[in-house]
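S.K.: My structure file upload22.cif, mmCIF, C-alpha atoms, is below:
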data_final
loop_
_atom_site.label_atom_id
_atom_site.label_comp_id
_atom_site.auth_asym_id
_atom_site.auth_seq_id
_atom_site.Cartn_x
_atom_site.Cartn_y
_atom_site.Cartn_z
CA MET A 1 -18.87 -32.64 69.55
CA ALA A 2 -20.78 -31.66 72.67
CA ALA A 3 -18.47 -28.69 73.16
CA VAL A 4 -19.01 -27.58 69.57
CA LEU A 5 -22.77 -27.80 69.95
CA GLY A 6 -22.50 -25.82 73.17
CA VAL A 7 -20.62 -23.04 71.42
CA ILE A 8 -23.13 -22.96 68.57
CA ALA A 9 -26.01 -22.86 71.01
CA THR A 10 -24.41 -20.02 72.94
CA GLU A 11 -23.81 -17.97 69.83
CA VAL A 12 -27.29 -18.61 68.44
CA ALA A 13 -28.71 -17.53 71.78
CA ALA A 14 -26.57 -14.40 71.61
CA CYS A 15 -28.18 -13.37 68.31
CA GLY A 16 -31.05 -11.71 70.16
CA LEU A 17 -34.27 -10.47 68.67
CA THR A 18 -32.72 -8.89 65.59
CA GLY A 19 -31.31 -12.16 64.32
CA LEU A 20 -27.94 -10.50 63.93
CA PRO A 21 -24.90 -11.74 65.83
CA VAL A 22 -24.41 -9.91 69.11
CA ARG A 23 -21.13 -10.02 70.95
CA THR A 24 -20.95 -9.15 74.59
CA SER A 25 -17.74 -7.64 75.95
CA SER A 26 -15.05 -10.07 77.05
CA MET A 27 -13.45 -9.89 80.48
CA GLY A 28 -10.37 -8.41 78.81
CA GLU A 29 -12.39 -5.66 77.20
CA MET A 30 -14.23 -4.89 80.45
CA SER A 31 -10.94 -4.69 82.34
CA LEU A 32 -9.31 -2.41 79.78
CA ALA A 33 -12.35 -0.14 79.78
CA GLN A 34 -11.67 0.69 83.44
CA ILE A 35 -8.13 1.88 82.78
CA ARG A 36 -7.52 5.60 82.36
CA VAL A 37 -4.30 7.16 81.09
CA THR A 38 -4.22 10.77 82.19
CA GLY A 39 -3.25 13.21 79.46
CA TYR A 40 -3.09 10.62 76.67
CA GLN A 41 -5.44 9.93 73.77
CA LYS A 42 -6.54 6.35 73.15
CA THR A 43 -6.27 5.96 69.38
CA GLY A 44 -7.11 2.29 68.88
CA GLU A 45 -8.24 -0.92 70.55
CA PHE A 46 -7.96 -4.58 69.67
CA ALA A 47 -9.43 -7.53 71.54
CA ASP A 48 -8.62 -11.19 71.14
CA ALA A 49 -9.33 -14.52 72.78
CA GLU A 50 -7.30 -17.71 73.13
CA PRO A 51 -8.12 -20.96 74.90
CA GLY A 52 -8.55 -20.07 78.56
CA THR A 53 -7.90 -16.35 78.22
CA THR A 54 -9.22 -13.13 76.76
CA ASN A 55 -7.10 -10.09 76.18
CA SER A 56 -7.58 -6.54 75.07
CA SER A 57 -5.08 -3.90 74.01
CA ALA A 58 -5.18 -0.16 73.53
CA VAL A 59 -2.69 2.29 72.09
CA TYR A 60 -2.22 5.72 73.63
CA VAL A 61 -0.60 8.84 72.21
CA GLY A 62 0.47 11.95 74.10
CA PRO A 63 3.33 14.07 75.43
CA PRO A 64 6.83 12.58 75.66
CA ILE A 65 7.21 10.51 78.81
CA SER A 66 9.86 8.22 80.22
CA ASN A 67 9.08 4.56 80.77
CA SER A 68 9.19 5.06 84.53
CA GLY A 69 6.91 8.07 84.22
CA LEU A 70 4.12 5.87 82.92
CA THR A 71 3.44 4.58 86.41
CA GLY A 72 2.14 8.04 87.31
CA VAL A 73 -0.39 8.37 84.51
CA VAL A 74 -1.93 4.89 84.22
CA ASN A 75 -4.84 4.54 86.65
CA GLY A 76 -7.78 2.29 87.42
CA PRO A 77 -9.26 0.07 90.13
CA GLY A 78 -6.52 -2.23 91.34
CA VAL A 79 -4.06 -1.08 88.70
CA THR A 80 -0.40 -1.53 89.57
CA MET A 81 2.58 -1.33 87.27
CA THR A 82 6.27 -2.15 87.47
CA ILE A 83 8.68 -0.97 84.78
CA PHE A 84 11.54 -3.39 84.09
CA PRO A 85 15.12 -2.23 84.69
CA ARG A 86 15.91 -3.82 81.32
CA PRO A 87 13.13 -4.20 78.74
CA SER A 88 11.81 -7.46 77.34
CA PRO A 89 12.86 -10.07 79.89
CA HIS A 90 12.70 -13.60 78.43
CA ILE A 91 11.60 -12.30 75.04
CA ILE A 92 13.80 -11.58 72.03
CA VAL A 93 13.23 -8.23 70.34
CA LEU A 94 13.09 -8.95 66.61
CA PRO A 95 14.20 -6.30 64.10
CA THR A 96 10.65 -6.10 62.76
CA ASP A 97 8.95 -5.62 66.15
CA ASN A 98 7.13 -2.31 66.45
CA THR A 99 6.95 -2.40 70.24
CA VAL A 100 9.10 -3.57 73.12
CA TRP A 101 7.75 -5.00 76.38
CA ILE A 102 8.73 -2.58 79.18
CA GLY A 103 6.60 -3.50 82.19
CA ARG A 104 3.90 -5.54 83.84
CA GLY A 105 1.35 -5.27 86.61
CA HIS A 106 -2.24 -5.82 87.64
CA ALA A 107 -5.35 -4.66 85.79
CA PRO A 108 -8.98 -4.35 86.96
CA LEU A 109 -11.13 -7.49 87.40
CA ASN A 110 -8.17 -9.57 88.57
CA CYS A 111 -6.51 -9.43 85.16
CA GLY A 112 -2.87 -8.89 84.33
CA LEU A 113 -1.38 -5.81 82.70
CA LEU A 114 1.44 -5.63 80.16
CA ILE A 115 2.86 -2.39 78.83
CA TYR A 116 4.78 -1.90 75.60
CA ALA A 117 6.63 1.10 74.18
CA TYR A 118 6.61 1.98 70.49
CA ARG A 119 9.93 1.50 68.70
CA LYS A 120 10.62 4.65 66.73
CA GLY A 121 10.81 4.17 63.01
CA LYS A 122 8.79 0.98 62.97
CA ARG A 123 5.51 0.63 61.13
CA PRO A 124 2.47 0.80 63.43
CA ASP A 125 -0.28 -1.82 63.29
CA ASP A 126 -3.40 -0.77 61.39
CA TRP A 127 -5.59 -0.97 64.50
CA TRP A 128 -3.48 1.66 66.27
CA ASN A 129 -5.10 4.31 64.03
CA ILE A 130 -2.01 6.48 64.25
CA THR A 131 -1.91 9.40 61.81
CA ASN A 132 1.13 10.17 59.70
CA LEU A 133 1.57 13.40 61.64
CA GLN A 134 1.53 11.57 64.98
CA LEU A 135 4.01 9.07 63.62
CA ALA A 136 6.33 11.82 62.40
CA GLN A 137 6.13 13.59 65.76
CA ALA A 138 6.85 10.35 67.59
CA ARG A 139 9.90 9.82 65.42
CA MET A 140 11.12 13.29 66.40
CA GLY A 141 10.51 12.59 70.07
CA ARG A 142 7.65 15.07 70.37
CA LEU A 143 5.04 12.41 71.11
CA SER A 144 5.05 9.15 73.02
CA ILE A 145 3.17 6.10 71.80
CA PHE A 146 2.62 3.12 74.05
CA GLU A 147 0.36 0.09 74.27
CA ILE A 148 -1.38 -1.42 77.26
CA THR A 149 -2.57 -5.02 77.07
CA VAL A 150 -4.70 -6.67 79.71
CA GLY A 151 -4.98 -10.44 79.84
CA CYS A 152 -7.63 -12.29 81.82
CA GLY A 153 -7.54 -15.99 82.64
CA LYS A 154 -4.80 -18.52 83.22
CA GLY A 155 -4.69 -20.37 79.88
CA MET B 1 -8.57 -3.98 62.62
CA THR B 2 -11.15 -3.84 59.88
CA ASN B 3 -12.03 -6.59 57.48
CA GLU B 4 -15.02 -7.98 55.65
CA LEU B 5 -15.54 -10.79 58.15
CA GLY B 6 -14.97 -8.74 61.28
CA TRP B 7 -18.48 -9.25 62.65
CA TRP B 8 -17.62 -12.61 64.18
CA PRO B 9 -19.14 -12.69 67.65
CA ARG B 10 -15.87 -13.37 69.43
CA PRO B 11 -12.96 -11.09 70.27
CA GLY B 12 -10.29 -11.08 67.61
CA GLY B 13 -12.53 -12.02 64.70
CA ALA B 14 -13.06 -15.28 62.91
CA SER B 15 -10.55 -18.07 62.45
CA ILE B 16 -10.36 -18.77 58.73
CA GLY B 17 -8.59 -21.13 56.38
CA ILE B 18 -7.87 -24.80 56.94
CA THR B 19 -5.46 -23.92 59.78
CA ASN B 20 -7.84 -21.48 61.53
CA ILE B 21 -5.90 -18.22 61.33
CA LYS B 22 -7.19 -15.20 63.23
CA PRO B 23 -6.54 -11.62 62.07
CA GLY B 24 -4.09 -10.94 64.90
CA VAL B 25 -1.91 -13.90 64.06
CA PHE B 26 -1.93 -12.99 60.38
CA ALA B 27 -0.89 -9.40 61.17
CA THR B 28 1.88 -10.65 63.44
CA VAL B 29 3.29 -12.96 60.80
CA GLN B 30 2.99 -10.36 58.06
CA ARG B 31 4.89 -7.82 60.16
CA ALA B 32 7.58 -10.31 61.20
CA PHE B 33 8.18 -11.67 57.70
CA PRO B 34 7.19 -8.84 55.37
CA GLY B 35 8.94 -10.26 52.34
CA GLU B 36 6.93 -13.48 52.53
CA PHE B 37 3.44 -12.02 52.60
CA LYS B 38 3.40 -9.10 50.19
CA ASN B 39 0.08 -8.26 48.56
CA VAL B 40 -1.96 -10.75 50.58
CA GLN B 41 -4.63 -10.08 53.17
CA TRP B 42 -6.14 -12.12 55.96
CA ALA B 43 -9.31 -12.69 53.91
CA ASN B 44 -7.20 -14.36 51.20
CA LEU B 45 -6.77 -17.34 53.55
CA VAL B 46 -10.25 -18.62 52.68
CA GLY B 47 -9.91 -21.59 50.34
CA ASN B 48 -6.16 -21.10 49.98
CA ASP B 49 -4.60 -24.09 51.73
CA PRO B 50 -0.99 -23.39 50.66
CA LEU B 51 -1.20 -19.86 52.07
CA ASP B 52 -2.85 -21.14 55.25
CA PHE B 53 -0.06 -23.63 55.89
CA LYS B 54 2.57 -21.03 55.04
CA VAL B 55 1.16 -18.56 57.58
CA THR B 56 0.96 -21.31 60.19
CA ALA B 57 4.54 -22.40 59.54
CA TYR B 58 5.80 -18.83 59.78
CA TYR B 59 3.88 -18.25 63.00
CA VAL B 60 5.67 -21.26 64.47
CA LYS B 61 8.95 -19.77 63.20
CA TYR B 62 8.03 -16.46 64.86
CA ILE B 63 7.45 -18.21 68.20
CA GLN B 64 10.66 -20.17 67.73
CA GLN B 65 12.70 -17.03 67.11
CA LYS B 66 11.10 -14.63 69.57
CA LEU B 67 9.85 -16.62 72.53
CA LEU B 68 11.61 -19.98 72.66
CA PRO B 69 15.28 -18.95 73.07
CA ASN B 70 14.86 -17.26 76.47
CA ALA B 71 11.89 -19.26 77.77
CA PRO B 72 12.11 -19.69 81.56
CA THR B 73 14.33 -22.48 82.83
CA ALA B 74 11.48 -24.03 84.80
CA LEU B 75 9.42 -24.32 81.63
CA ARG B 76 12.32 -25.87 79.73
CA ALA B 77 12.74 -28.40 82.53
CA SER B 78 9.16 -29.60 82.14
CA TYR B 79 8.54 -29.43 78.40
CA THR B 80 10.39 -30.09 75.16
CA SER B 81 11.02 -27.19 72.80
CA ASP B 82 8.26 -28.46 70.52
CA GLN B 83 5.82 -28.59 73.44
CA ILE B 84 6.70 -25.04 74.46
CA ILE B 85 5.97 -23.89 70.92
CA GLU B 86 2.69 -25.86 70.95
CA GLY B 87 1.72 -24.21 74.23
CA ILE B 88 2.44 -20.69 73.01
CA TYR B 89 0.68 -21.42 69.71
CA ASN B 90 -2.42 -22.60 71.53
CA GLY B 91 -2.51 -20.18 74.46
CA GLY B 92 -1.26 -17.09 72.67
CA VAL B 93 1.62 -14.69 73.15
CA THR B 94 -0.14 -12.55 75.76
CA ASN B 95 -0.85 -15.60 77.91
CA PHE B 96 2.79 -16.64 77.61
CA THR B 97 4.09 -13.19 78.49
CA GLN B 98 1.70 -12.56 81.33
CA ASN B 99 1.17 -15.96 82.94
CA ILE B 100 3.71 -18.51 81.76
CA ILE B 101 6.92 -16.53 82.14
CA PRO B 102 6.39 -15.78 85.85
CA ALA B 103 4.82 -19.17 86.66
CA GLY B 104 7.31 -21.27 84.73
CA ARG B 105 4.53 -23.63 83.67
CA PHE B 106 1.51 -23.71 81.40
CA GLY B 107 -1.97 -23.40 82.85
CA PRO B 108 -4.61 -26.15 82.81
CA VAL B 109 -6.13 -25.37 79.41
CA VAL B 110 -2.87 -25.24 77.51
CA SER B 111 -1.38 -28.22 79.40
CA SER B 112 -4.40 -30.27 78.45
CA TYR B 113 -3.96 -29.22 74.81
CA ILE B 114 -0.30 -30.25 74.77
CA ASP B 115 -1.20 -33.65 76.23
CA SER B 116 -4.12 -34.18 73.88
CA ILE B 117 -2.16 -33.57 70.68
CA ALA B 118 0.84 -35.71 71.69
CA PRO B 119 -0.37 -38.80 69.73
CA ASP B 120 -0.99 -36.66 66.64
CA VAL B 121 2.43 -35.03 66.91
CA ALA B 122 4.06 -38.47 67.22
CA MET B 123 2.19 -39.74 64.18
CA ALA B 124 3.12 -36.65 62.14
CA GLN B 125 6.72 -36.96 63.24
CA SER B 126 6.76 -40.59 62.15
CA VAL B 127 5.24 -39.88 58.74
CA ILE B 128 7.43 -36.86 58.04
CA CYS B 129 10.68 -38.33 59.26
CA GLN B 130 10.19 -41.61 57.41
CA SER B 131 9.20 -39.86 54.20
CA GLY B 132 12.78 -39.26 53.19
CA ALA B 133 12.05 -35.66 52.37
CA TYR B 134 13.24 -34.01 55.60
CA ASN B 135 16.08 -34.13 58.07
CA CYS B 136 14.64 -34.78 61.50
CA PRO B 137 16.16 -34.18 64.94
CA GLY B 138 17.73 -37.32 66.35
CA GLY B 139 19.07 -38.52 63.05
CA GLU B 140 15.89 -39.90 61.53
CA SER B 141 16.45 -38.43 58.14
CA GLY B 142 15.73 -39.17 54.61
#
Rewrite the structure from the file as C-alpha cells, please.

M.R.:
Amino acid sequence: MAAVLGVIATEVAACGLTGLPVRTSSMGEMSLAQIRVTGYQKTGEFADAEPGTTNSSAVYVGPPISNSGLTGVVNGPGVTMTIFPRPSPHIIVLPTDNTVWIGRGHAPLNCGLLIYAYRKGKRPDDWWNITNLQLAQARMGRLSIFEITVGCGKG
Amino acid sequence: MTNELGWWPRPGGASIGITNIKPGVFATVQRAFPGEFKNVQWANLVGNDPLDFKVTAYYVKYIQQKLLPNAPTALRASYTSDQIIEGIYNGGVTNFTQNIIPAGRFGPVVSSYIDSIAPDVAMAQSVICQSGAYNCPGGESG
C-alpha cells in the first residue's frame, strides 16, 4: 500500500501548475535521444517501462545497408555495437515476427542497445509510421528499415 | 502508438483491464496471433474480462513459443519453465533479451517478483489441477 501511495504522490506532484499530467522523459528515452544514425530518417518512436527497467525504441529508414554496415552509421556517446554472425541467438523467430534481432551493444547513459532488422513482407507496427511507398521500396530492396531499442536498468 | 488513453504519465501508456495490459503487449499478441484478435483494439480491454484473460493467456503462449525454447542453460538450471515465463512476463522482453540472456539469471526486481508470487502460483495450481477440468504436468489431472 505504501508503494502505491508513493506512486500516486509522485504522479500528483508531476501534474505541475496546469493540473494536467506531465511525464518527464525516462532514462530509456534520454539514452535513445543521444543516438544518431547518419543518413537515416527516424520515422517513429515508442517508449515503455517494466519493473526495474525503462526502454525506448526507434525505427529508421534509409538507403540499403548490410547488417554489418550498421556499425558505421550508428553513433552516440558510448555507443558500441556488435552484429551477430547468426541472427537471433536464444530467441525463436516466429513466422509473424516483423523484425529479427541482429545485434547488441552499449547505449548512452550506461544503457544497453539492441538492434533489429525489418523482415521484408511483414506488416510494420503502427508506431513505425512507415508509408506504403517506403514499405514497397523496402520490399524491393531499395530501402532499409531497422529498429534500435535501448534498455536501461537491470530488472 | 496512438490511442484515447495515451496520456498516461508513464512510458508505454496505461495498463488496462483486469489483467493490466499495456498497449505494447496488446500489439505484440495481436501481431503474433492475428486470427485470435481480429476487430479488437487495446481500448476494448476496459471492462472486458474474458478478452483481458485471453490476451494474457496468449502473451504467455507467445513467451512460451518465442523465448522459452532456447533460454540460456544457466537460467534453466536455476528456474523452472514456469518461473522463466513469469520472469519474462514481469520484466519484459527487452529486459530478457538485453540483460537475462547474457547474465543467465534474472535481476533483483524480477527475482523478487518470482519469489513473491510462488504461494499464489501454488494455490492456483492446486485449484486448477484438482478441478478435474485440466490435465496438469506431473499427472495431476482431472

S.K.: I need the residue nearest Gln30 in chain B from this list: A:Asp97, A:Ala49, A:Thr54, A:Ser31. Use only C-alpha atoms for the distance.

M.R.: A:Asp97

S.K.: Got a sec: who's within 7 Å of range 109-114 of chain B, counting all atoms listed in the file, leaving out chain neighbours fewer than 2 positions off, as a PyMOL selection string?

M.R.: (chain A and resi 51-52+155) or (chain B and resi 83+86-87+90-91+106-107+116-118)

S.K.: What does the distance between CA of Thr80 in chain B and CA of Ile21 in chain B come to in Å, to one decimal place?

M.R.: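 Those two atoms sit 24.4 Å apart.
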
S.K.: I would like the residues chosen by the PyMOL selection byres ((chain A) within 10 of (chain B)) on the shown file; could you give them as JSON, numbers by chain?

M.R.: {"A": [11, 14, 15, 20, 21, 22, 23, 24, 25, 26, 28, 29, 44, 45, 46, 47, 48, 49, 50, 51, 52, 53, 54, 55, 56, 88, 89, 90, 91, 92, 93, 94, 95, 96, 97, 98, 101, 104, 105, 111, 112, 113, 114, 123, 124, 125, 126, 127, 128, 129, 149, 150, 151, 152, 153, 154, 155]}

S.K.: So the first atom is CA of Met140 in chain A and the second is CA of Asn67 in chain A; what is the distance between them in Å, to one decimal place?

M.R.: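 So the answer is 16.9 Å.
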
S.K.: Give me, please, the distance in Å between CA of Ser78 in chain B and CA of Gly104 in chain B, quoted to one decimal.

M.R.: 8.9 Å

S.K.: Build an axis-aligned box that encloses every atom of range 113-121 of chain A listed in the file, pad it by 6 Å on each side, and report its centre and edge lengths in Å to one decimal, as AutoDock Vina command-line options.

M.R.:
--center_x 4.7 --center_y -0.6 --center_z 72.9 --size_x 24.2 --size_y 22.5 --size_z 31.7

S.K.: Report the residues retrieved by the PyMOL selection byres ((chain B and resi 43) around 10) from the displayed file, expressed as a list in words.

M.R.: Asn3, Glu4, Leu5, Ile16, Gly17, Ile21, Lys22, Pro23, Phe26, Val40, Gln41, Trp42, Asn44, Leu45, Val46, Gly47 and Asn48 of chain B

S.K.: Reconstruct N, CA and C atoms of range 124-148 of chain A; output as an mmCIF file, keeping the file's coordinate frame.

M.R.:
data_model
loop_
_atom_site.group_PDB
_atom_site.id
_atom_site.type_symbol
_atom_site.label_atom_id
_atom_site.label_comp_id
_atom_site.auth_asym_id
_atom_site.auth_seq_id
_atom_site.Cartn_x
_atom_site.Cartn_y
_atom_site.Cartn_z
ATOM 1 N N PRO A 124 3.515 1.143 62.449
ATOM 2 C CA PRO A 124 2.470 0.800 63.430
ATOM 3 C C PRO A 124 1.476 -0.211 62.860
ATOM 4 N N ASP A 125 0.807 -0.939 63.736
ATOM 5 C CA ASP A 125 -0.280 -1.820 63.290
ATOM 6 C C ASP A 125 -1.452 -0.964 62.821
ATOM 7 N N ASP A 126 -2.249 -1.519 61.904
ATOM 8 C CA ASP A 126 -3.400 -0.770 61.390
ATOM 9 C C ASP A 126 -4.360 -0.341 62.500
ATOM 10 N N TRP A 127 -4.574 -1.249 63.467
ATOM 11 C CA TRP A 127 -5.590 -0.970 64.500
ATOM 12 C C TRP A 127 -5.168 0.140 65.440
ATOM 13 N N TRP A 128 -3.915 0.557 65.413
ATOM 14 C CA TRP A 128 -3.480 1.660 66.270
ATOM 15 C C TRP A 128 -4.150 2.972 65.852
ATOM 16 N N ASN A 129 -4.496 3.074 64.561
ATOM 17 C CA ASN A 129 -5.100 4.310 64.030
ATOM 18 C C ASN A 129 -4.225 5.535 64.279
ATOM 19 N N ILE A 130 -2.947 5.371 64.082
ATOM 20 C CA ILE A 130 -2.010 6.480 64.250
ATOM 21 C C ILE A 130 -1.941 7.259 62.942
ATOM 22 N N THR A 131 -2.009 8.580 63.033
ATOM 23 C CA THR A 131 -1.910 9.400 61.810
ATOM 24 C C THR A 131 -0.435 9.548 61.413
ATOM 25 N N ASN A 132 -0.242 9.934 60.170
ATOM 26 C CA ASN A 132 1.130 10.170 59.700
ATOM 27 C C ASN A 132 1.802 11.281 60.495
ATOM 28 N N LEU A 133 1.010 12.293 60.859
ATOM 29 C CA LEU A 133 1.570 13.400 61.640
ATOM 30 C C LEU A 133 2.015 12.921 63.019
ATOM 31 N N GLN A 134 1.159 12.107 63.663
ATOM 32 C CA GLN A 134 1.530 11.570 64.980
ATOM 33 C C GLN A 134 2.787 10.704 64.874
ATOM 34 N N LEU A 135 2.851 9.936 63.809
ATOM 35 C CA LEU A 135 4.010 9.070 63.620
ATOM 36 C C LEU A 135 5.275 9.904 63.435
ATOM 37 N N ALA A 136 5.163 10.955 62.636
ATOM 38 C CA ALA A 136 6.330 11.820 62.400
ATOM 39 C C ALA A 136 6.767 12.487 63.697
ATOM 40 N N GLN A 137 5.787 12.934 64.486
ATOM 41 C CA GLN A 137 6.130 13.590 65.760
ATOM 42 C C GLN A 137 6.743 12.599 66.751
ATOM 43 N N ALA A 138 6.269 11.380 66.725
ATOM 44 C CA ALA A 138 6.850 10.350 67.590
ATOM 45 C C ALA A 138 8.296 10.077 67.193
ATOM 46 N N ARG A 139 8.534 10.067 65.890
ATOM 47 C CA ARG A 139 9.900 9.820 65.420
ATOM 48 C C ARG A 139 10.843 10.940 65.854
ATOM 49 N N MET A 140 10.296 12.147 65.979
ATOM 50 C CA MET A 140 11.120 13.290 66.400
ATOM 51 C C MET A 140 11.163 13.426 67.920
ATOM 52 N N GLY A 141 10.491 12.538 68.612
ATOM 53 C CA GLY A 141 10.510 12.590 70.070
ATOM 54 C C GLY A 141 9.535 13.585 70.662
ATOM 55 N N ARG A 142 8.619 14.085 69.854
ATOM 56 C CA ARG A 142 7.650 15.070 70.370
ATOM 57 C C ARG A 142 6.368 14.427 70.876
ATOM 58 N N LEU A 143 6.190 13.157 70.606
ATOM 59 C CA LEU A 143 5.040 12.410 71.110
ATOM 60 C C LEU A 143 5.514 11.042 71.607
ATOM 61 N N SER A 144 4.818 10.534 72.589
ATOM 62 C CA SER A 144 5.050 9.150 73.020
ATOM 63 C C SER A 144 3.876 8.287 72.569
ATOM 64 N N ILE A 145 4.200 7.082 72.159
ATOM 65 C CA ILE A 145 3.170 6.100 71.800
ATOM 66 C C ILE A 145 3.443 4.852 72.617
ATOM 67 N N PHE A 146 2.441 4.375 73.318
ATOM 68 C CA PHE A 146 2.620 3.120 74.050
ATOM 69 C C PHE A 146 1.336 2.302 74.028
ATOM 70 N N GLU A 147 1.481 1.042 74.332
ATOM 71 C CA GLU A 147 0.360 0.090 74.270
ATOM 72 C C GLU A 147 0.187 -0.577 75.623
ATOM 73 N N ILE A 148 -1.052 -0.656 76.052
ATOM 74 C CA ILE A 148 -1.380 -1.420 77.260
ATOM 75 C C ILE A 148 -2.209 -2.629 76.843
#
